[in-house]
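Trainee: You'll find input.pdb just under this line, and it carries PDB, C-alpha atoms.
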ATOM      1  CA  MET A   1     -57.649  -5.224 -64.898
ATOM      2  CA  ASP A   2     -53.915  -4.535 -64.742
ATOM      3  CA  LEU A   3     -52.300  -3.111 -67.849
ATOM      4  CA  PRO A   4     -48.759  -3.902 -69.001
ATOM      5  CA  SER A   5     -46.064  -1.442 -68.042
ATOM      6  CA  PRO A   6     -44.240   0.551 -70.721
ATOM      7  CA  SER A   7     -42.246  -1.699 -73.038
ATOM      8  CA  SER A   8     -38.976  -0.223 -71.741
ATOM      9  CA  SER A   9     -38.090  -0.249 -68.065
ATOM     10  CA  SER A  10     -36.424   3.152 -68.447
ATOM     11  CA  PRO A  11     -38.198   4.782 -71.398
ATOM     12  CA  SER A  12     -36.699   7.794 -73.115
ATOM     13  CA  PRO A  13     -38.981  10.783 -73.685
ATOM     14  CA  GLN A  14     -40.185  10.962 -77.285
ATOM     15  CA  HIS A  15     -39.555  14.301 -79.011
ATOM     16  CA  SER A  16     -42.646  15.821 -80.577
ATOM     17  CA  PRO A  17     -42.758  18.801 -82.980
ATOM     18  CA  HIS A  18     -46.369  19.406 -81.947
ATOM     19  CA  ASP A  19     -47.831  21.310 -79.031
ATOM     20  CA  ASP A  20     -48.647  18.591 -76.505
ATOM     21  CA  SER A  21     -50.166  20.942 -73.931
ATOM     22  CA  ASN A  22     -53.754  20.303 -75.097
ATOM     23  CA  LEU A  23     -53.444  16.536 -75.388
ATOM     24  CA  VAL A  24     -55.326  14.210 -73.051
ATOM     25  CA  ALA A  25     -53.041  11.961 -71.003
ATOM     26  CA  LEU A  26     -54.674   8.970 -69.347
ATOM     27  CA  THR A  27     -53.440   7.813 -65.968
ATOM     28  CA  GLN A  28     -52.691   4.128 -65.464
ATOM     29  CA  GLU A  29     -55.910   3.847 -63.430
ATOM     30  CA  GLU A  30     -57.989   5.445 -66.214
ATOM     31  CA  ALA A  31     -56.368   3.202 -68.812
ATOM     32  CA  SER A  32     -57.131   0.107 -66.730
ATOM     33  CA  ARG A  33     -60.753   1.209 -66.361
ATOM     34  CA  SER A  34     -61.077   1.787 -70.117
ATOM     35  CA  ALA A  35     -59.629  -1.653 -70.876
ATOM     36  CA  GLY A  36     -62.186  -3.206 -68.554
ATOM     37  CA  GLN A  37     -65.068  -1.351 -70.189
ATOM     38  CA  ASN A  38     -64.041  -1.481 -73.866
ATOM     39  CA  GLY A  39     -61.868  -4.574 -74.121
ATOM     40  CA  GLU A  40     -58.221  -5.154 -74.899
ATOM     41  CA  ASN A  41     -56.399  -4.301 -78.104
ATOM     42  CA  VAL A  42     -56.032  -7.882 -79.301
ATOM     43  CA  TYR A  43     -56.711  -9.116 -82.842
ATOM     44  CA  ARG A  44     -57.677 -12.597 -83.987
ATOM     45  CA  PRO A  45     -56.130 -13.710 -87.296
ATOM     46  CA  PRO A  46     -58.325 -14.771 -90.237
ATOM     47  CA  ILE A  47     -57.490 -18.408 -89.480
ATOM     48  CA  ASP A  48     -57.535 -18.639 -85.698
ATOM     49  CA  LEU A  49     -56.109 -22.049 -84.818
ATOM     50  CA  PRO A  50     -54.081 -23.340 -81.864
ATOM     51  CA  ASP A  51     -50.340 -22.743 -82.160
ATOM     52  CA  TRP A  52     -49.612 -26.466 -82.031
ATOM     53  CA  LEU A  53     -51.769 -27.087 -85.104
ATOM     54  CA  CYS A  54     -50.023 -24.309 -87.033
ATOM     55  CA  VAL A  55     -46.725 -26.055 -86.279
ATOM     56  CA  PHE A  56     -47.992 -29.196 -88.014
ATOM     57  CA  LEU A  57     -49.592 -27.211 -90.836
ATOM     58  CA  PRO A  58     -47.067 -24.427 -91.580
ATOM     59  CA  CYS A  59     -48.707 -23.823 -94.969
ATOM     60  CA  LEU A  60     -51.519 -22.006 -93.126
ATOM     61  CA  SER A  61     -49.231 -19.119 -92.187
ATOM     62  CA  SER A  62     -48.397 -18.507 -95.854
ATOM     63  CA  LEU A  63     -52.013 -18.115 -96.972
ATOM     64  CA  PRO A  64     -52.683 -14.630 -98.455
ATOM     65  CA  SER A  65     -55.068 -13.649 -95.664
ATOM     66  CA  MET A  66     -52.554 -14.614 -92.972
ATOM     67  CA  VAL A  67     -49.700 -12.774 -94.694
ATOM     68  CA  ALA A  68     -51.878  -9.666 -95.062
ATOM     69  CA  PHE A  69     -52.911  -9.911 -91.401
ATOM     70  CA  ARG A  70     -49.303  -9.916 -90.211
ATOM     71  CA  GLU A  71     -48.681  -6.815 -92.313
ATOM     72  CA  THR A  72     -51.379  -4.957 -90.350
ATOM     73  CA  GLN A  73     -49.942  -5.789 -86.932
ATOM     74  CA  THR A  74     -47.501  -3.765 -84.840
ATOM     75  CA  ASP A  75     -45.673  -4.669 -81.644
ATOM     76  CA  THR A  76     -45.433  -1.200 -80.106
ATOM     77  CA  ALA A  77     -47.439   2.009 -79.802
ATOM     78  CA  LEU A  78     -46.465   5.534 -78.740
ATOM     79  CA  LEU A  79     -48.952   6.682 -76.104
ATOM     80  CA  TYR A  80     -49.286   9.989 -74.256
ATOM     81  CA  ARG A  81     -49.797   8.893 -70.662
ATOM     82  CA  GLU A  82     -49.654  10.519 -67.242
ATOM     83  CA  PHE A  83     -47.210   9.129 -64.693
ATOM     84  CA  PRO A  84     -46.257   9.765 -61.079
ATOM     85  CA  ARG A  85     -43.579  12.405 -60.613
ATOM     86  CA  GLY A  86     -40.110  10.968 -60.868
ATOM     87  CA  PHE A  87     -41.080   8.326 -63.439
ATOM     88  CA  PRO A  88     -37.943   7.613 -65.564
ATOM     89  CA  GLY A  89     -37.818   9.539 -68.838
ATOM     90  CA  VAL A  90     -41.007  11.548 -68.285
ATOM     91  CA  SER A  91     -41.051  15.151 -67.095
ATOM     92  CA  GLY A  92     -44.029  17.215 -65.971
ATOM     93  CA  GLY A  93     -46.152  14.164 -65.172
ATOM     94  CA  ALA A  94     -47.059  13.279 -68.796
ATOM     95  CA  GLY A  95     -45.173  12.275 -71.909
ATOM     96  CA  TRP A  96     -44.859   9.989 -74.913
ATOM     97  CA  VAL A  97     -43.836   6.459 -73.972
ATOM     98  CA  ALA A  98     -43.546   3.287 -76.050
ATOM     99  CA  TYR A  99     -45.960   0.573 -74.908
ATOM    100  CA  ASP A 100     -46.760  -2.883 -76.198
ATOM    101  CA  ALA A 101     -49.541  -2.465 -78.764
ATOM    102  CA  ASP A 102     -51.985  -4.560 -76.753
ATOM    103  CA  ALA A 103     -51.873  -1.914 -73.984
ATOM    104  CA  VAL A 104     -53.680   0.662 -76.175
ATOM    105  CA  VAL A 105     -57.133   1.547 -74.824
ATOM    106  CA  VAL A 106     -60.088   3.661 -75.937
ATOM    107  CA  GLY A 107     -59.378   7.272 -74.999
ATOM    108  CA  ASP A 108     -55.610   7.006 -75.404
ATOM    109  CA  THR A 109     -53.732   9.668 -77.323
ATOM    110  CA  CYS A 110     -51.531   7.810 -79.812
ATOM    111  CA  LYS A 111     -48.786   8.938 -82.187
ATOM    112  CA  VAL A 112     -48.008   7.029 -85.392
ATOM    113  CA  GLU A 113     -44.698   7.938 -87.011
ATOM    114  CA  CYS A 114     -43.924   7.506 -90.708
ATOM    115  CA  GLY A 115     -43.346   3.839 -91.421
ATOM    116  CA  MET A 116     -45.367   2.777 -88.381
ATOM    117  CA  ILE A 117     -48.715   0.944 -88.309
ATOM    118  CA  ALA A 118     -51.746   2.332 -86.505
ATOM    119  CA  PRO A 119     -52.443   0.007 -83.552
ATOM    120  CA  ALA A 120     -56.147   0.906 -83.261
ATOM    121  CA  ASP A 121     -58.891   3.007 -84.871
ATOM    122  CA  MET A 122     -58.492   6.678 -84.025
ATOM    123  CA  THR A 123     -59.775  10.142 -84.840
ATOM    124  CA  VAL A 124     -56.921  12.219 -86.214
ATOM    125  CA  LEU A 125     -56.034  15.254 -84.105
ATOM    126  CA  ASP A 126     -52.925  16.469 -85.911
ATOM    127  CA  THR A 127     -50.471  15.698 -88.707
ATOM    128  CA  SER A 128     -47.076  17.240 -89.426
ATOM    129  CA  GLU A 129     -48.392  18.448 -92.808
ATOM    130  CA  THR A 130     -51.850  19.476 -94.040
ATOM    131  CA  SER A 131     -52.612  15.792 -94.462
ATOM    132  CA  ALA A 132     -50.777  12.501 -94.143
ATOM    133  CA  ILE A 133     -50.727   9.668 -96.672
ATOM    134  CA  VAL A 134     -51.403   6.159 -95.394
ATOM    135  CA  ASP A 135     -51.445   2.711 -96.970
ATOM    136  CA  ALA A 136     -54.931   1.309 -96.381
ATOM    137  CA  SER A 137     -54.768  -1.251 -99.181
ATOM    138  CA  LYS A 138     -55.405  -4.281 -96.959
ATOM    139  CA  LEU A 139     -58.616  -2.731 -95.603
ATOM    140  CA  THR A 140     -60.029  -0.493 -98.337
ATOM    141  CA  GLY A 141     -57.878  -1.212-101.378
ATOM    142  CA  GLN A 142     -56.397   2.300-101.252
ATOM    143  CA  PRO A 143     -52.571   2.296-101.179
ATOM    144  CA  SER A 144     -52.358   6.080-100.820
ATOM    145  CA  LEU A 145     -55.198   7.440 -98.709
ATOM    146  CA  GLY A 146     -55.087  10.990 -97.319
ATOM    147  CA  VAL A 147     -55.974  11.599 -93.676
ATOM    148  CA  SER A 148     -56.243  14.966 -91.955
ATOM    149  CA  PRO A 149     -57.534  16.315 -88.623
ATOM    150  CA  ASN A 150     -61.038  15.029 -87.750
ATOM    151  CA  SER A 151     -60.775  12.134 -90.225
ATOM    152  CA  THR A 152     -60.265   8.499 -89.212
ATOM    153  CA  LEU A 153     -57.063   6.466 -89.191
ATOM    154  CA  LEU A 154     -57.880   2.760 -89.127
ATOM    155  CA  ALA A 155     -55.981   0.056 -87.290
ATOM    156  CA  GLY A 156     -53.642  -1.748 -89.667
ATOM    157  CA  CYS A 157     -52.891   1.270 -91.886
ATOM    158  CA  THR A 158     -49.260   2.313 -92.369
ATOM    159  CA  VAL A 159     -48.327   6.004 -92.381
ATOM    160  CA  LYS A 160     -46.308   6.618 -95.553
ATOM    161  CA  SER A 161     -45.715  10.379 -95.425
ATOM    162  CA  GLY A 162     -46.877  13.520 -93.642
ATOM    163  CA  GLY A 163     -46.433  11.920 -90.239
ATOM    164  CA  PRO A 164     -46.371  11.680 -87.398
ATOM    165  CA  VAL A 165     -50.123  11.368 -87.069
ATOM    166  CA  VAL A 166     -51.522  12.093 -83.606
ATOM    167  CA  GLY A 167     -54.972  10.714 -82.827
ATOM    168  CA  ARG A 168     -57.475   9.862 -80.120
ATOM    169  CA  VAL A 169     -58.234   6.140 -79.967
ATOM    170  CA  THR A 170     -61.935   5.356 -80.539
ATOM    171  CA  HIS A 171     -61.967   1.571 -81.016
ATOM    172  CA  VAL A 172     -59.609  -1.239 -80.078
ATOM    173  CA  GLY A 173     -59.298  -4.945 -80.840
ATOM    174  CA  ARG A 174     -62.497  -6.682 -81.860
ATOM    175  CA  SER A 175     -64.397  -3.366 -82.196
ATOM    176  CA  THR A 176     -62.129  -2.016 -84.949
ATOM    177  CA  VAL A 177     -62.933  -1.988 -88.656
ATOM    178  CA  LEU A 178     -60.050  -4.430 -89.213
ATOM    179  CA  ALA A 179     -61.531  -6.972 -86.793
ATOM    180  CA  ARG A 180     -65.012  -6.634 -88.306
ATOM    181  CA  LEU A 181     -63.671  -7.163 -91.832
ATOM    182  CA  ILE A 182     -61.865 -10.307 -90.690
ATOM    183  CA  LYS A 183     -64.982 -11.594 -88.905
ATOM    184  CA  ASP A 184     -67.124 -10.978 -92.006
ATOM    185  CA  GLY A 185     -64.622 -12.709 -94.310
ATOM    186  CA  LYS A 186     -63.876  -9.483 -96.193
ATOM    187  CA  PHE A 187     -60.165  -9.294 -95.375
ATOM    188  CA  PRO A 188     -57.923  -8.566 -97.126
ATOM    189  CA  CYS A 189     -59.572  -6.268 -99.622
ATOM    190  CA  THR A 190     -59.324  -7.754-103.134
ATOM    191  CA  SER A 191     -59.798  -6.408-106.643
ATOM    192  CA  GLU A 192     -63.020  -8.451-106.873
ATOM    193  CA  MET A 193     -64.406  -6.694-103.790
ATOM    194  CA  LEU A 194     -63.499  -3.293-105.205
ATOM    195  CA  GLU A 195     -65.136  -4.144-108.528
ATOM    196  CA  GLN A 196     -68.297  -5.303-106.743
ATOM    197  CA  ALA A 197     -68.390  -2.114-104.668
ATOM    198  CA  SER A 198     -67.946  -0.040-107.815
ATOM    199  CA  LEU A 199     -70.826  -1.850-109.499
ATOM    200  CA  LEU A 200     -73.060  -1.273-106.471
ATOM    201  CA  ARG A 201     -72.226   2.435-106.469
ATOM    202  CA  SER A 202     -72.989   2.621-110.196
ATOM    203  CA  ALA A 203     -76.333   0.870-109.674
ATOM    204  CA  ASP A 204     -77.221   3.245-106.847
ATOM    205  CA  GLY A 205     -76.403   6.187-109.098
ATOM    206  CA  MET A 206     -78.640   4.849-111.850
ATOM    207  CA  ASP A 207     -81.494   4.372-109.392
ATOM    208  CA  GLU A 208     -81.130   7.965-108.184
ATOM    209  CA  GLU A 209     -81.266   9.260-111.779
ATOM    210  CA  LYS A 210     -84.490   7.295-112.316
ATOM    211  CA  GLY A 211     -85.919   8.647-109.091
ATOM    212  CA  LEU A 212     -86.128   5.219-107.469
TER     213      LEU A 212
END
Show me this structure written as structure tokens.

Mentor:
Amino acid sequence: MDLPSPSSSSPSPQHSPHDDSNLVALTQEEASRSAGQNGENVYRPPIDLPDWLCVFLPCLSSLPSMVAFRETQTDTALLYREFPRGFPGVSGGAGWVAYDADAVVVGDTCKVECGMIAPADMTVLDTSETSAIVDASKLTGQPSLGVSPNSTLLAGCTVKSGGPVVGRVTHVGRSTVLARLIKDGKFPCTSEMLEQASLLRSADGMDEEKGL
């Protein structure tokens, strides 16, 4: 499976305040192999209809679930990849390059700057501060969720502060939490869902107190 090339024909190296020496950089061959084994980073919207039908029914695109879905999507992703010597904008064989978001694969090292959306599920490796604050309201109902090294940053979350967040991609596309929530009809997270979850937690607590 051939992966798309970087989104810019002559990409500029991305400055990073972190030590990149210990980061894993996939080669194009490794990335292609991962895409073949784990799937592509493509997301199906809550209402997945042919484009021609959406043209005749434009009201579908303004439904709350469709609006929320668009707010979880990003066009680009900063990936730490290895390239042949002499590749434009990359020195030392590896560097940060902007790719189309659908080129992200499991095993990629990805950087999400403040204001950017995480393109896939990842385990956090580093943040510019002790922890970063992300908007996970569409997925978990939490508009200000803290993430730190070894925690998880979910696809569709926006980094609000404490970025950039550097992480190792663990799930892409249909394997992500976002895709599973959409498939199960639990996207976007609503106040009713949060209230139901709270009630379930309360009931579990009562059962524990009774020794059930």

Trainee: Starting from the point (-58.4, -6.1, -83.9), work out which residues of protein, DNA or RNA have an atom no more than 10 Å away when counting only C-alpha atoms; state them as JSON, numbers by chain.

Mentor: {"A": [40, 41, 42, 43, 44, 45, 72, 73, 102, 119, 120, 121, 155, 156, 171, 172, 173, 174, 175, 176, 177, 178, 179, 180, 181, 182, 183]}

Trainee: Go ahead and save the residues from that selection, with C-alpha atoms, as a short mmCIF file (atom, residue, chain, number, x, y, z; two decimals), keeping the file's coordinate frame.

Mentor:
data_model
loop_
_atom_site.label_atom_id
_atom_site.label_comp_id
_atom_site.auth_asym_id
_atom_site.auth_seq_id
_atom_site.Cartn_x
_atom_site.Cartn_y
_atom_site.Cartn_z
CA GLU A 40 -58.22 -5.15 -74.90
CA ASN A 41 -56.40 -4.30 -78.10
CA VAL A 42 -56.03 -7.88 -79.30
CA TYR A 43 -56.71 -9.12 -82.84
CA ARG A 44 -57.68 -12.60 -83.99
CA PRO A 45 -56.13 -13.71 -87.30
CA THR A 72 -51.38 -4.96 -90.35
CA GLN A 73 -49.94 -5.79 -86.93
CA ASP A 102 -51.98 -4.56 -76.75
CA PRO A 119 -52.44 0.01 -83.55
CA ALA A 120 -56.15 0.91 -83.26
CA ASP A 121 -58.89 3.01 -84.87
CA ALA A 155 -55.98 0.06 -87.29
CA GLY A 156 -53.64 -1.75 -89.67
CA HIS A 171 -61.97 1.57 -81.02
CA VAL A 172 -59.61 -1.24 -80.08
CA GLY A 173 -59.30 -4.94 -80.84
CA ARG A 174 -62.50 -6.68 -81.86
CA SER A 175 -64.40 -3.37 -82.20
CA THR A 176 -62.13 -2.02 -84.95
CA VAL A 177 -62.93 -1.99 -88.66
CA LEU A 178 -60.05 -4.43 -89.21
CA ALA A 179 -61.53 -6.97 -86.79
CA ARG A 180 -65.01 -6.63 -88.31
CA LEU A 181 -63.67 -7.16 -91.83
CA ILE A 182 -61.86 -10.31 -90.69
CA LYS A 183 -64.98 -11.59 -88.90
#

Trainee: List, as number ranges by chain, every residue that the PyMOL selection byres ((chain A and resi 164) around 7) selects in the file provided.

Mentor: A: 111-114, 127-128, 162-163, 165-166

Trainee: Counting all atoms listed in the file, select every polymer residue within 8 Å of (-53.1, 5.1, -90.6) as defined in the file's coordinates, and provide the selection as a ChimeraX atom specification.

Mentor: /A:112,117-118,133-136,147,153-159,165

Trainee: For Ser191 of chain A, which residue out of A:Pro46, A:Pro58, A:Gly141, A:Pro84 is the nearest one, using only C-alpha atoms?

Mentor: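 Answer, going by the shortest atom-to-atom distance: A:Gly141.
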
Trainee: Let me know the residues the PyMOL selection byres ((chain A and resi 25-35) around 8) catches in the file above, as a list in words.

Mentor: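 Against this file, the PyMOL selection byres ((chain A and resi 25-35) around 8) returns the residues Met1, Asp2, Leu3, Leu23, Val24, Gly36, Gln37, Asn38, Gly39, Glu40, Tyr80, Arg81, Glu82, Phe83, Ala94, Gly95, Val105, Val106, Gly107, Asp108 and Thr109 of chain A.
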
Trainee: Calculate how many Å separate atom CA of Pro50 of chain A from atom CA of Asp100 of chain A, rounding to one decimal.

Mentor: 22.5 Å

Trainee: Just the number, please: distance in Å from atom CA of Gly115 of chain A to atom CA of Ser161 of chain A, one decimal.

Mentor: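 Pair atom CA of Gly115 of chain A / atom CA of Ser161 of chain A returns 8.0 Å.
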
Trainee: Looking at A:Met122, A:Ser61, A:Glu195, A:Gly167, which one is nearest to Thr140 of chain A, with distances taken over all atoms listed in the file?

Mentor: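 Nearest candidate to Thr140 of chain A out of A:Met122, A:Ser61, A:Glu195, A:Gly167: A:Glu195.
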
Trainee: What does the distance between atom CA of Asp20 of chain A and atom CA of Thr76 of chain A come to in Å, to one decimal place?

Mentor: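 So the answer is 20.4 Å.
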
Trainee: Return as a PDB file with C-alpha atoms, in the frame of the given file the set of residues that the PyMOL selection byres ((chain A and resi 125) around 7) yields on the displayed structure.

Mentor:
ATOM      1  CA  THR A 123     -59.775  10.142 -84.840  1.00  0.00           C
ATOM      2  CA  VAL A 124     -56.921  12.219 -86.214  1.00  0.00           C
ATOM      3  CA  ASP A 126     -52.925  16.469 -85.911  1.00  0.00           C
ATOM      4  CA  PRO A 149     -57.534  16.315 -88.623  1.00  0.00           C
ATOM      5  CA  ASN A 150     -61.038  15.029 -87.750  1.00  0.00           C
ATOM      6  CA  VAL A 166     -51.522  12.093 -83.606  1.00  0.00           C
ATOM      7  CA  GLY A 167     -54.972  10.714 -82.827  1.00  0.00           C
ATOM      8  CA  ARG A 168     -57.475   9.862 -80.120  1.00  0.00           C
TER       9      ARG A 168
END

Trainee: So which one's closest to Thr190 of chain A, A:Ala68, A:Ala132, A:Cys59, A:Ala77? Using all atoms listed in the file, please.

Mentor: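 Closest candidate: A:Ala68.
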
Trainee: Could you check which of A:Leu145, A:Leu60, A:Val169, A:Cys189 is closest to Asp48 of chain A, using all atoms listed in the file?

Mentor: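 The closest residue to Asp48 of chain A is A:Leu60.
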
Trainee: Mind completing segment 18-40 of chain A with N, CA, C and O atoms? Output as an mmCIF file, in the frame of the given file, please?

Mentor:
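Just written: selection-v1.cif:
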data_model
loop_
_atom_site.group_PDB
_atom_site.id
_atom_site.type_symbol
_atom_site.label_atom_id
_atom_site.label_comp_id
_atom_site.auth_asym_id
_atom_site.auth_seq_id
_atom_site.Cartn_x
_atom_site.Cartn_y
_atom_site.Cartn_z
ATOM 1 N N HIS A 18 -45.055 18.825 -82.158
ATOM 2 C CA HIS A 18 -46.369 19.406 -81.947
ATOM 3 C C HIS A 18 -46.482 19.980 -80.544
ATOM 4 O O HIS A 18 -45.704 19.688 -79.655
ATOM 5 N N ASP A 19 -47.529 20.788 -80.351
ATOM 6 C CA ASP A 19 -47.831 21.310 -79.031
ATOM 7 C C ASP A 19 -48.628 20.243 -78.267
ATOM 8 O O ASP A 19 -49.758 19.940 -78.615
ATOM 9 N N ASP A 20 -48.003 19.672 -77.251
ATOM 10 C CA ASP A 20 -48.647 18.591 -76.505
ATOM 11 C C ASP A 20 -49.491 19.100 -75.342
ATOM 12 O O ASP A 20 -50.128 18.301 -74.651
ATOM 13 N N SER A 21 -49.518 20.397 -75.124
ATOM 14 C CA SER A 21 -50.166 20.942 -73.931
ATOM 15 C C SER A 21 -51.668 20.668 -73.896
ATOM 16 O O SER A 21 -52.264 20.605 -72.814
ATOM 17 N N ASN A 22 -52.313 20.515 -75.060
ATOM 18 C CA ASN A 22 -53.754 20.303 -75.097
ATOM 19 C C ASN A 22 -54.145 18.834 -75.238
ATOM 20 O O ASN A 22 -55.333 18.518 -75.362
ATOM 21 N N LEU A 23 -53.163 17.956 -75.222
ATOM 22 C CA LEU A 23 -53.444 16.536 -75.388
ATOM 23 C C LEU A 23 -53.944 15.925 -74.075
ATOM 24 O O LEU A 23 -53.562 16.347 -72.992
ATOM 25 N N VAL A 24 -54.805 14.924 -74.207
ATOM 26 C CA VAL A 24 -55.326 14.210 -73.051
ATOM 27 C C VAL A 24 -54.376 13.069 -72.707
ATOM 28 O O VAL A 24 -54.040 12.247 -73.566
ATOM 29 N N ALA A 25 -53.933 13.020 -71.470
ATOM 30 C CA ALA A 25 -53.041 11.961 -71.003
ATOM 31 C C ALA A 25 -53.776 11.113 -69.974
ATOM 32 O O ALA A 25 -54.143 11.607 -68.899
ATOM 33 N N LEU A 26 -54.017 9.857 -70.289
ATOM 34 C CA LEU A 26 -54.674 8.970 -69.347
ATOM 35 C C LEU A 26 -53.704 8.555 -68.241
ATOM 36 O O LEU A 26 -52.516 8.373 -68.480
ATOM 37 N N THR A 27 -54.222 8.406 -67.042
ATOM 38 C CA THR A 27 -53.440 7.813 -65.968
ATOM 39 C C THR A 27 -53.506 6.295 -66.120
ATOM 40 O O THR A 27 -54.344 5.757 -66.872
ATOM 41 N N GLN A 28 -52.652 5.580 -65.405
ATOM 42 C CA GLN A 28 -52.691 4.128 -65.464
ATOM 43 C C GLN A 28 -54.040 3.609 -64.965
ATOM 44 O O GLN A 28 -54.574 2.629 -65.494
ATOM 45 N N GLU A 29 -54.615 4.262 -63.962
ATOM 46 C CA GLU A 29 -55.910 3.847 -63.430
ATOM 47 C C GLU A 29 -57.006 4.041 -64.468
ATOM 48 O O GLU A 29 -57.874 3.171 -64.653
ATOM 49 N N GLU A 30 -56.986 5.182 -65.180
ATOM 50 C CA GLU A 30 -57.989 5.445 -66.214
ATOM 51 C C GLU A 30 -57.849 4.466 -67.370
ATOM 52 O O GLU A 30 -58.853 4.000 -67.930
ATOM 53 N N ALA A 31 -56.603 4.151 -67.729
ATOM 54 C CA ALA A 31 -56.368 3.202 -68.812
ATOM 55 C C ALA A 31 -56.871 1.811 -68.437
ATOM 56 O O ALA A 31 -57.475 1.110 -69.263
ATOM 57 N N SER A 32 -56.648 1.405 -67.198
ATOM 58 C CA SER A 32 -57.131 0.107 -66.730
ATOM 59 C C SER A 32 -58.654 0.049 -66.763
ATOM 60 O O SER A 32 -59.253 -0.955 -67.159
ATOM 61 N N ARG A 33 -59.290 1.151 -66.358
ATOM 62 C CA ARG A 33 -60.753 1.209 -66.361
ATOM 63 C C ARG A 33 -61.289 1.121 -67.792
ATOM 64 O O ARG A 33 -62.283 0.428 -68.061
ATOM 65 N N SER A 34 -60.647 1.813 -68.720
ATOM 66 C CA SER A 34 -61.077 1.787 -70.117
ATOM 67 C C SER A 34 -60.937 0.390 -70.705
ATOM 68 O O SER A 34 -61.808 -0.085 -71.441
ATOM 69 N N ALA A 35 -59.834 -0.293 -70.377
ATOM 70 C CA ALA A 35 -59.629 -1.653 -70.876
ATOM 71 C C ALA A 35 -60.717 -2.585 -70.361
ATOM 72 O O ALA A 35 -61.203 -3.465 -71.088
ATOM 73 N N GLY A 36 -61.127 -2.382 -69.113
ATOM 74 C CA GLY A 36 -62.186 -3.206 -68.554
ATOM 75 C C GLY A 36 -63.534 -2.951 -69.206
ATOM 76 O O GLY A 36 -64.341 -3.878 -69.376
ATOM 77 N N GLN A 37 -63.780 -1.714 -69.604
ATOM 78 C CA GLN A 37 -65.068 -1.351 -70.189
ATOM 79 C C GLN A 37 -65.138 -1.626 -71.686
ATOM 80 O O GLN A 37 -66.193 -2.019 -72.206
ATOM 81 N N ASN A 38 -64.026 -1.415 -72.399
ATOM 82 C CA ASN A 38 -64.041 -1.481 -73.866
ATOM 83 C C ASN A 38 -63.259 -2.642 -74.463
ATOM 84 O O ASN A 38 -63.254 -2.814 -75.677
ATOM 85 N N GLY A 39 -62.618 -3.432 -73.618
ATOM 86 C CA GLY A 39 -61.868 -4.574 -74.121
ATOM 87 C C GLY A 39 -60.412 -4.249 -74.396
ATOM 88 O O GLY A 39 -59.991 -3.093 -74.359
ATOM 89 N N GLU A 40 -59.648 -5.293 -74.651
ATOM 90 C CA GLU A 40 -58.221 -5.154 -74.899
ATOM 91 C C GLU A 40 -57.938 -5.036 -76.389
ATOM 92 O O GLU A 40 -58.745 -5.428 -77.234
#
